[in-house]
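Structure file final_19.txt (compact mmCIF, C-alpha atoms) is printed below.
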# COMPACT_ATOMS: atom_id res chain seq x y z
CA MET A 1 0.00 0.00 0.00
CA LEU A 2 1.35 3.41 -1.00
CA VAL A 3 0.18 6.50 0.87
CA VAL A 4 1.05 9.79 -0.84
CA GLY A 5 0.13 13.28 0.34
CA ASN A 6 0.40 15.54 3.35
CA PHE A 7 0.70 12.76 5.93
CA GLU A 8 3.00 12.08 8.81
CA PRO A 9 4.61 8.60 8.74
CA ALA A 10 2.48 7.51 11.72
CA GLU A 11 -0.68 8.62 9.91
CA ALA A 12 0.26 6.61 6.83
CA VAL A 13 0.88 3.48 8.93
CA ASP A 14 -2.45 4.00 10.73
CA ALA A 15 -4.30 4.33 7.40
CA ALA A 16 -2.70 1.10 6.17
CA GLN A 17 -3.71 -0.72 9.35
CA GLN A 18 -7.31 0.48 9.07
CA VAL A 19 -7.53 -0.75 5.46
CA ASN A 20 -6.08 -4.10 6.50
CA GLN A 21 -8.61 -4.46 9.33
CA MET A 22 -11.54 -3.66 7.05
CA LEU A 23 -10.43 -6.07 4.32
CA LYS A 24 -9.30 -8.72 6.81
CA SER A 25 -6.62 -9.68 4.33
CA GLN A 26 -4.08 -12.43 4.92
CA PRO A 27 -0.63 -12.91 3.38
CA LEU A 28 -0.61 -15.16 0.34
CA PRO A 29 0.96 -18.57 0.91
CA ALA A 30 4.39 -18.95 -0.62
CA HIS A 31 3.17 -21.31 -3.36
CA SER A 32 0.70 -18.65 -4.59
CA HIS A 33 3.35 -16.07 -5.27
CA VAL A 34 4.13 -15.85 -8.99
CA PRO A 35 7.71 -14.63 -9.36
CA SER A 36 8.58 -12.23 -12.13
CA ARG A 37 11.08 -14.12 -14.25
CA MET A 38 12.86 -13.53 -17.51
CA VAL A 39 14.02 -16.49 -19.56
CA ASN A 40 17.78 -16.59 -19.95
CA ILE A 41 18.03 -16.84 -23.72
CA GLU A 42 21.37 -17.94 -25.12
CA PRO A 43 22.89 -15.91 -27.97
CA GLY A 44 21.28 -16.83 -31.27
CA HIS A 45 18.37 -15.97 -33.54
CA TYR A 46 15.03 -17.55 -32.67
CA ILE A 47 11.59 -17.55 -34.32
CA TYR A 48 8.27 -18.07 -32.59
CA ARG A 49 5.31 -18.59 -34.97
CA HIS A 50 1.62 -18.74 -34.16
CA MET A 51 -1.42 -19.09 -36.39
CA GLY A 52 -4.37 -16.86 -35.50
CA GLU A 53 -7.67 -18.57 -34.73
CA ASP A 54 -10.11 -15.87 -35.89
CA PRO A 55 -10.98 -16.61 -39.54
CA ASN A 56 -12.03 -12.99 -40.04
CA MET A 57 -8.68 -11.58 -38.93
CA LEU A 58 -6.82 -10.20 -41.95
CA ASN A 59 -3.79 -8.66 -40.25
CA ASN A 60 -0.50 -10.36 -39.54
CA ALA A 61 1.89 -9.07 -36.90
CA VAL A 62 5.59 -9.38 -36.14
CA MET A 63 7.95 -8.25 -33.41
CA ALA A 64 11.72 -8.43 -33.68
CA LYS A 65 13.13 -8.32 -30.14
CA PHE A 66 16.83 -7.66 -29.53
CA TYR A 67 18.40 -8.24 -26.11
CA CYS A 68 20.65 -5.30 -25.26
CA GLY A 69 22.48 -4.47 -22.05
CA MET A 70 21.23 -4.71 -18.49
CA ALA A 71 18.16 -3.05 -17.02
CA THR A 72 20.06 -2.43 -13.77
CA ASN A 73 22.67 -0.30 -15.55
CA PRO A 74 21.59 3.38 -15.78
CA MET A 75 23.99 4.03 -18.67
CA ASP A 76 22.52 1.13 -20.67
CA ARG A 77 18.97 2.34 -19.98
CA THR A 78 19.62 5.91 -21.07
CA THR A 79 21.62 4.84 -24.13
CA MET A 80 18.77 2.55 -25.19
CA ALA A 81 16.21 5.31 -24.60
CA LEU A 82 18.15 7.64 -26.89
CA LEU A 83 18.56 4.92 -29.51
CA VAL A 84 14.79 4.35 -29.58
CA GLN A 85 14.13 8.09 -29.81
CA ILE A 86 16.37 8.33 -32.87
CA ALA A 87 15.16 5.13 -34.53
CA LYS A 88 11.40 5.25 -34.01
CA ASP A 89 10.59 8.15 -36.34
CA GLN A 90 12.71 6.79 -39.18
CA PHE A 91 11.38 3.26 -38.65
CA PHE A 92 7.80 4.57 -38.85
CA ASP A 93 8.59 6.74 -41.88
CA GLN A 94 10.18 3.89 -43.83
CA LEU A 95 7.82 1.00 -43.07
CA ARG A 96 4.55 2.87 -42.48
CA THR A 97 4.68 6.07 -44.56
CA LYS A 98 6.79 4.97 -47.53
CA GLU A 99 6.14 1.22 -47.74
CA GLN A 100 2.63 1.27 -46.19
CA LEU A 101 3.12 -2.07 -44.45
CA GLY A 102 0.60 -1.50 -41.70
CA TYR A 103 -1.20 0.93 -39.45
CA ARG A 104 0.77 -0.07 -36.38
CA VAL A 105 4.50 0.41 -36.82
CA GLY A 106 6.78 1.32 -33.96
CA ALA A 107 10.05 0.98 -32.06
CA PHE A 108 9.97 0.44 -28.31
CA THR A 109 12.18 -0.49 -25.39
CA ASN A 110 11.27 -2.84 -22.58
CA SER A 111 13.03 -4.17 -19.52
CA PHE A 112 12.71 -6.48 -16.55
CA SER A 113 13.90 -5.66 -13.06
CA SER A 114 16.71 -8.23 -13.02
CA GLY A 115 17.09 -8.97 -16.70
CA LYS A 116 18.15 -7.37 -19.93
CA LEU A 117 16.91 -4.40 -21.85
CA THR A 118 15.19 -5.11 -25.13
CA LEU A 119 14.68 -3.17 -28.34
CA GLU A 120 11.39 -4.16 -29.97
CA LEU A 121 10.52 -3.38 -33.60
CA ARG A 122 6.83 -4.09 -34.27
CA VAL A 123 4.70 -4.10 -37.42
CA GLN A 124 1.07 -5.10 -37.86
CA GLY A 125 -0.39 -5.30 -41.36
CA GLU A 126 -1.75 -7.53 -44.10
CA SER A 127 1.66 -8.48 -45.56
CA ASN A 128 2.94 -11.94 -44.64
CA PRO A 129 5.16 -12.03 -41.53
CA THR A 130 8.21 -13.36 -43.36
CA TYR A 131 8.13 -10.36 -45.68
CA LEU A 132 7.57 -7.95 -42.77
CA LEU A 133 10.64 -9.29 -40.98
CA GLN A 134 12.67 -9.07 -44.18
CA ARG A 135 11.76 -5.38 -44.37
CA ILE A 136 12.76 -4.94 -40.73
CA ASP A 137 16.10 -6.56 -41.60
CA SER A 138 16.47 -4.15 -44.51
CA PHE A 139 15.88 -1.21 -42.16
CA ILE A 140 18.45 -2.56 -39.70
CA GLN A 141 20.96 -2.99 -42.51
CA GLY A 142 20.66 0.66 -43.57
CA PHE A 143 20.12 2.34 -40.21
CA ARG A 144 23.67 1.88 -39.02
CA GLN A 145 24.89 4.38 -41.61
CA THR A 146 22.07 6.77 -40.68
CA LEU A 147 23.06 6.55 -37.03
CA ALA A 148 26.73 7.14 -37.80
CA LYS A 149 25.84 10.32 -39.71
CA PHE A 150 23.34 11.60 -37.16
CA ASP A 151 23.89 15.29 -36.49
CA THR A 152 25.62 15.83 -33.14
CA VAL A 153 23.81 19.15 -32.62
CA LYS A 154 20.45 17.37 -32.96
CA PHE A 155 21.69 14.65 -30.62
CA ASP A 156 22.67 17.19 -27.95
CA ALA A 157 19.30 18.91 -28.34
CA LEU A 158 17.54 15.56 -27.92
CA VAL A 159 19.47 14.84 -24.72
CA GLU A 160 18.73 18.32 -23.38
CA SER A 161 15.04 17.89 -24.12
CA ILE A 162 14.84 14.56 -22.26
CA VAL A 163 16.80 15.93 -19.30
CA GLY A 164 14.54 18.96 -19.14
CA LYS A 165 11.44 16.81 -19.15
CA ALA A 166 12.86 14.56 -16.42
CA ASN A 167 13.65 17.56 -14.23
CA GLU A 168 10.18 19.07 -14.55
CA GLN A 169 8.42 19.66 -11.26
CA LEU A 170 5.53 17.28 -10.66
CA THR A 171 2.24 19.16 -10.78
CA SER A 172 -0.08 16.71 -9.00
CA VAL A 173 -0.19 14.14 -6.24
CA ASP A 174 -1.19 11.53 -8.86
CA ALA A 175 1.98 12.17 -10.84
CA GLU A 176 4.09 11.87 -7.68
CA ALA A 177 2.35 8.63 -6.71
CA SER A 178 2.85 7.20 -10.20
CA ARG A 179 6.57 7.97 -10.10
CA MET A 180 6.88 6.27 -6.71
CA TRP A 181 4.75 3.28 -7.64
CA THR A 182 6.74 2.33 -10.75
CA PRO A 183 9.84 1.01 -8.89
CA ILE A 184 7.55 -0.74 -6.40
CA ASP A 185 5.56 -2.43 -9.15
CA LYS A 186 8.73 -3.47 -11.00
CA GLY A 187 10.30 -4.77 -7.78
CA THR A 188 13.44 -2.62 -8.05
CA TYR A 189 12.66 -0.24 -5.16
CA ASN A 190 15.15 2.13 -6.74
CA PHE A 191 13.54 5.48 -6.00
CA ALA A 192 16.66 7.29 -7.20
CA ARG A 193 16.33 5.79 -10.69
CA LEU A 194 15.32 9.06 -12.33
CA ALA A 195 18.27 10.94 -10.80
CA ASP A 196 20.62 8.15 -11.94
CA GLU A 197 19.26 8.34 -15.49
CA VAL A 198 19.58 12.13 -15.63
CA ASP A 199 23.21 11.80 -14.54
CA SER A 200 23.82 9.17 -17.23
CA LEU A 201 22.08 11.27 -19.90
CA GLN A 202 24.48 14.12 -19.23
CA ARG A 203 27.42 11.77 -19.85
CA VAL A 204 26.16 9.72 -22.80
CA ARG A 205 27.49 10.52 -26.28
CA LEU A 206 26.44 9.60 -29.80
CA ASP A 207 29.35 7.16 -29.96
CA ASP A 208 27.79 5.29 -27.01
CA VAL A 209 24.55 4.86 -28.97
CA LEU A 210 26.46 3.64 -32.02
CA ASP A 211 28.45 1.24 -29.83
CA MET A 212 25.21 -0.23 -28.40
CA TRP A 213 23.90 -0.75 -31.93
CA ASP A 214 27.06 -2.58 -32.96
CA ARG A 215 27.34 -4.65 -29.77
CA TYR A 216 23.77 -5.92 -29.67
CA ILE A 217 21.70 -5.18 -32.79
CA ASN A 218 23.99 -5.24 -35.82
CA PRO A 219 24.22 -8.95 -36.78
CA GLU A 220 27.54 -8.37 -38.53
CA THR A 221 29.31 -7.09 -35.41
CA ALA A 222 27.37 -8.29 -32.35
CA VAL A 223 29.35 -11.06 -30.65
CA THR A 224 26.43 -12.06 -28.40
CA TYR A 225 23.68 -11.37 -30.95
CA THR A 226 20.43 -12.44 -29.27
CA ARG A 227 17.14 -11.94 -31.11
CA VAL A 228 13.65 -13.41 -30.96
CA ASP A 229 11.20 -12.89 -33.84
CA SER A 230 7.54 -13.37 -32.95
CA GLN A 231 5.15 -13.96 -35.85
CA LEU A 232 1.37 -13.95 -35.69
CA TRP A 233 -0.14 -15.27 -38.92
CA ALA A 234 -3.70 -14.48 -39.97
CA ALA A 235 -5.85 -17.61 -40.25
CA LYS A 236 -6.24 -17.08 -44.02
CA ALA A 237 -2.52 -16.53 -44.65
CA SER A 238 -0.39 -19.11 -46.43
CA TYR A 239 1.46 -20.55 -43.45
CA PRO A 240 4.88 -22.07 -44.33
CA SER A 241 5.37 -25.61 -43.10
CA ALA A 242 8.37 -26.81 -41.11
CA THR A 243 9.66 -28.41 -44.32
CA ASP A 244 9.37 -25.10 -46.15
CA MET A 245 11.26 -23.31 -43.37
CA THR A 246 14.13 -25.80 -43.44
CA THR A 247 14.30 -26.06 -47.25
CA TRP A 248 13.85 -22.57 -48.65
CA PRO A 249 15.49 -19.25 -47.75
CA GLU A 250 13.28 -16.71 -46.03
CA SER A 251 13.57 -14.41 -49.05
CA ILE A 252 11.87 -17.05 -51.25
CA LEU A 253 9.11 -17.59 -48.67
CA ALA A 254 8.58 -13.82 -48.40
CA LEU A 255 8.32 -13.43 -52.17
CA ALA A 256 5.92 -16.36 -52.43
CA GLY A 257 3.72 -14.84 -49.74
CA CYS A 258 3.58 -11.49 -51.55
CA LEU A 259 2.73 -13.16 -54.87
CA GLU A 260 -0.03 -15.29 -53.38
CA SER A 261 -1.51 -12.30 -51.58
CA GLU A 262 -1.51 -9.98 -54.58
CA THR A 263 -2.25 -12.42 -57.44
CA HIS A 264 -4.43 -14.96 -55.60
CA MET A 265 -2.49 -17.66 -57.42
CA PRO A 266 -0.78 -20.68 -55.84
CA VAL A 267 3.00 -20.48 -55.95
CA ASP A 268 5.27 -23.50 -56.28
CA LEU A 269 8.38 -22.79 -54.22
CA SER A 270 10.62 -24.93 -56.42
CA ASP A 271 9.53 -23.06 -59.56
CA LEU A 272 9.91 -19.72 -57.83
CA SER A 273 13.40 -20.58 -56.61
CA ARG A 274 14.44 -21.54 -60.15
CA PHE A 275 12.98 -18.28 -61.46
CA VAL A 276 14.97 -16.22 -58.95
CA HIS A 277 18.13 -18.16 -59.73
CA THR A 278 17.72 -17.27 -63.42
CA ALA A 279 16.58 -13.69 -62.74
CA VAL A 280 19.82 -12.69 -61.03
CA ARG A 281 21.32 -12.35 -64.52
CA GLN A 282 18.67 -9.77 -65.45
CA THR A 283 18.11 -6.20 -64.42
CA SER A 284 15.59 -5.64 -61.63
CA ALA A 285 13.11 -4.10 -64.07
CA ASP A 286 13.36 -7.03 -66.53
CA ALA A 287 13.08 -9.58 -63.74
CA LEU A 288 9.97 -7.87 -62.37
CA ALA A 289 8.41 -7.77 -65.84
CA SER A 290 9.06 -11.49 -66.28
CA LEU A 291 7.59 -12.22 -62.87
CA ALA A 292 4.52 -10.11 -63.68
CA HIS A 293 3.99 -12.12 -66.86
CA GLN A 294 4.25 -15.40 -64.97
CA TYR A 295 2.10 -14.27 -62.04
CA PRO A 296 -0.41 -11.64 -63.26
CA MET A 297 -2.28 -9.61 -60.70
CA ALA A 298 -5.74 -10.85 -59.73
CA ASN A 299 -7.23 -7.84 -61.54
CA SER A 300 -6.25 -8.57 -65.15
CA THR A 301 -6.83 -4.94 -66.15
CA GLN A 302 -4.05 -3.72 -63.85
CA VAL A 303 -0.81 -3.12 -65.69
CA LEU A 304 2.62 -3.37 -64.16
CA ASP A 305 3.05 -0.26 -62.01
CA GLU A 306 6.01 -0.35 -59.63
CA THR A 307 4.52 2.52 -57.61
CA ALA A 308 1.31 0.59 -56.86
CA SER A 309 1.24 -0.87 -53.36
CA GLY A 310 0.98 -4.51 -54.47
CA TRP A 311 3.72 -4.33 -57.08
CA SER A 312 5.93 -2.28 -54.77
CA LYS A 313 5.91 -5.12 -52.22
CA ILE A 314 6.57 -7.72 -54.91
CA LYS A 315 9.42 -5.62 -56.28
CA ASN A 316 11.00 -5.30 -52.82
CA ALA A 317 10.58 -9.02 -52.16
CA LEU A 318 12.07 -9.90 -55.55
CA ASP A 319 15.07 -7.63 -54.99
CA MET A 320 15.68 -9.23 -51.58
CA ALA A 321 15.46 -12.71 -53.12
CA MET A 322 17.79 -11.82 -56.00
CA HIS A 323 20.31 -9.97 -53.82
CA PRO A 324 20.02 -11.33 -50.28
CA HIS A 325 21.95 -9.46 -47.66
CA ASN A 326 24.90 -11.61 -46.67
CA GLN A 327 24.14 -11.87 -42.99
CA PRO A 328 26.40 -14.26 -41.11
CA VAL A 329 24.80 -17.59 -40.38
CA VAL A 330 23.86 -17.62 -36.73
CA GLN A 331 26.16 -19.95 -34.86
CA ASP A 332 24.67 -22.89 -33.04
CA SER A 333 24.22 -22.21 -29.34
CA GLU A 334 25.67 -24.58 -26.80
CA THR A 335 22.24 -26.16 -26.42
CA ASN A 336 20.83 -28.38 -29.14
CA PHE A 337 17.13 -27.56 -29.23
CA ALA A 338 16.25 -30.27 -31.73
CA TYR A 339 15.44 -32.77 -29.00
CA ILE A 340 12.40 -30.70 -27.95
CA GLY A 341 11.05 -30.43 -31.49
CA ILE A 342 12.62 -27.12 -32.54
CA TYR A 343 14.26 -27.00 -35.94
CA GLN A 344 16.67 -24.69 -37.73
CA THR A 345 15.90 -22.64 -40.83
CA VAL A 346 18.18 -22.36 -43.85
CA GLU A 347 19.68 -19.25 -42.22
CA GLY A 348 20.48 -21.16 -39.02
CA LYS A 349 17.71 -19.66 -36.90
CA TRP A 350 15.97 -21.83 -34.32

In structure tokens, how does this file's structure come out?
Amino acid sequence: MLVVGNFEPAEAVDAAQQVNQMLKSQPLPAHSHVPSRMVNIEPGHYIYRHMGEDPNMLNNAVMAKFYCGMATNPMDRTTMALLVQIAKDQFFDQLRTKEQLGYRVGAFTNSFSSGKLTLELRVQGESNPTYLLQRIDSFIQGFRQTLAKFDTVKFDALVESIVGKANEQLTSVDAEASRMWTPIDKGTYNFARLADEVDSLQRVRLDDVLDMWDRYINPETAVTYTRVDSQLWAAKASYPSATDMTTWPESILALAGCLESETHMPVDLSDLSRFVHTAVRQTSADALASLAHQYPMANSTQVLDETASGWSKIKNALDMAMHPHNQPVVQDSETNFAYIGIYQTVEGKW
């Protein structure tokens, strides 16, 4: 029980005792306590897939979660907060505004009291989850350069803005109670957290943000790269089988999903793989024209228009299939998960 306001300590204790007497509450037995736990995930790249049960649900959803730093480290927390502030607008602009992949597109950070910080990139839309994650990968691939070129004056202004907001005087008892309740609810009981973060913000530099990106999020440089992709597939979506996942690259599955969604035609993965293998000798425009001839849009009156939403997705998926980013194959973790029914994709993801 938290008592906030113009009370003496004895008055607060008396109020708590009165509430306890009225409710006649008893302590929960030990076996009824549910501890807050965070799974200790070994470095690697993991995929969790789930098929939606509502047949009327049209949207798919994905979340790419990266494990970064420790929640107990103020410097890690503030560096992650700045990273999210820089990334979220550009992530939204690229995947929502320009590519129109869904109405819900965002970058977030999350943490557990005794665990790691996480960066979460989320997209909800009608495109198939494999394609959505491929577009997230494409953003990650290009954002490193954007971050390295980020204007230091803008960065300093961003830090100053966050520090100013943190130092604002609370204007209500509710706001004061909320600030106090957060560390109680999270189980940290660190009531000096805000002061610690302000101190860290005044010391953090753009190089620290870039270092966090390279240490935890950039698959080409992160030594302990730990990522979990969650996929929620609409009931009507073409759900890849375990055999498909272990036989075909994700870029082929993403392209197949886009074609099936836009043309309403079944796609043979073997034929599509052979087409892509041949198309790499063509220009992107010629390859797209050949693909459009082989898989015409459901509306036969629609001509090839690369700016149209459907063809734009197919073009992006085809480019990714023809020129896959050479990400390093994720190394096997010390644990072999095959014995519990988990399998590895072509890219080495569990």

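For the pair CA of Met322 (chain A) and CA of Phe139 (chain A), the separation is 17.5 Å.
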
**Study point:** A:Asp229, A:Glu126, A:Glu11, A:Glu250 ranked by distance to Gly102 (chain A), top pick (using only C-alpha atoms)
**Key:** A:Glu126

Review point. Near Ala279 (chain A), within 10 Å and counting only C-alpha atoms, which residues show up once chain neighbours fewer than 4 positions away are dropped, as a PyMOL selection string?
Key: chain A and resi 273-275+283-284+286-288+290-291+318-319+321-322

Exercise for review: Could you pull out every residue with an atom within 12 Å of (14.0, -16.5, -49.9), file coordinates, counting only C-alpha atoms, and send them as a PyMOL selection string?
Suggested key: chain A and resi 130-131+133-134+244-258+269-270+272-277+316-325+345-347

Residues near Leu206 (chain A), anyone? I mean within 12 Å using only C-alpha atoms, not counting same-chain ones fewer than 3 positions away, as a compact mmCIF listing (two decimals) with C-alpha atoms, in the coordinates of the input.
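Heads up, here's the output in selection17.txt:
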# COMPACT_ATOMS: atom_id res chain seq x y z
CA THR A 78 19.62 5.91 -21.07
CA THR A 79 21.62 4.84 -24.13
CA MET A 80 18.77 2.55 -25.19
CA LEU A 82 18.15 7.64 -26.89
CA LEU A 83 18.56 4.92 -29.51
CA ILE A 86 16.37 8.33 -32.87
CA LEU A 147 23.06 6.55 -37.03
CA ALA A 148 26.73 7.14 -37.80
CA LYS A 149 25.84 10.32 -39.71
CA PHE A 150 23.34 11.60 -37.16
CA ASP A 151 23.89 15.29 -36.49
CA THR A 152 25.62 15.83 -33.14
CA VAL A 153 23.81 19.15 -32.62
CA LYS A 154 20.45 17.37 -32.96
CA PHE A 155 21.69 14.65 -30.62
CA ASP A 156 22.67 17.19 -27.95
CA ALA A 157 19.30 18.91 -28.34
CA LEU A 158 17.54 15.56 -27.92
CA VAL A 159 19.47 14.84 -24.72
CA LEU A 201 22.08 11.27 -19.90
CA GLN A 202 24.48 14.12 -19.23
CA ARG A 203 27.42 11.77 -19.85
CA VAL A 209 24.55 4.86 -28.97
CA LEU A 210 26.46 3.64 -32.02
CA ASP A 211 28.45 1.24 -29.83
CA MET A 212 25.21 -0.23 -28.40
CA TRP A 213 23.90 -0.75 -31.93

Exercise for review: Using all atoms listed in the file, find the one residue out of A:Lys116, A:Arg77, A:His264, A:Arg122 that sits nearest to Phe92 (chain A).
Suggested key: A:Arg122
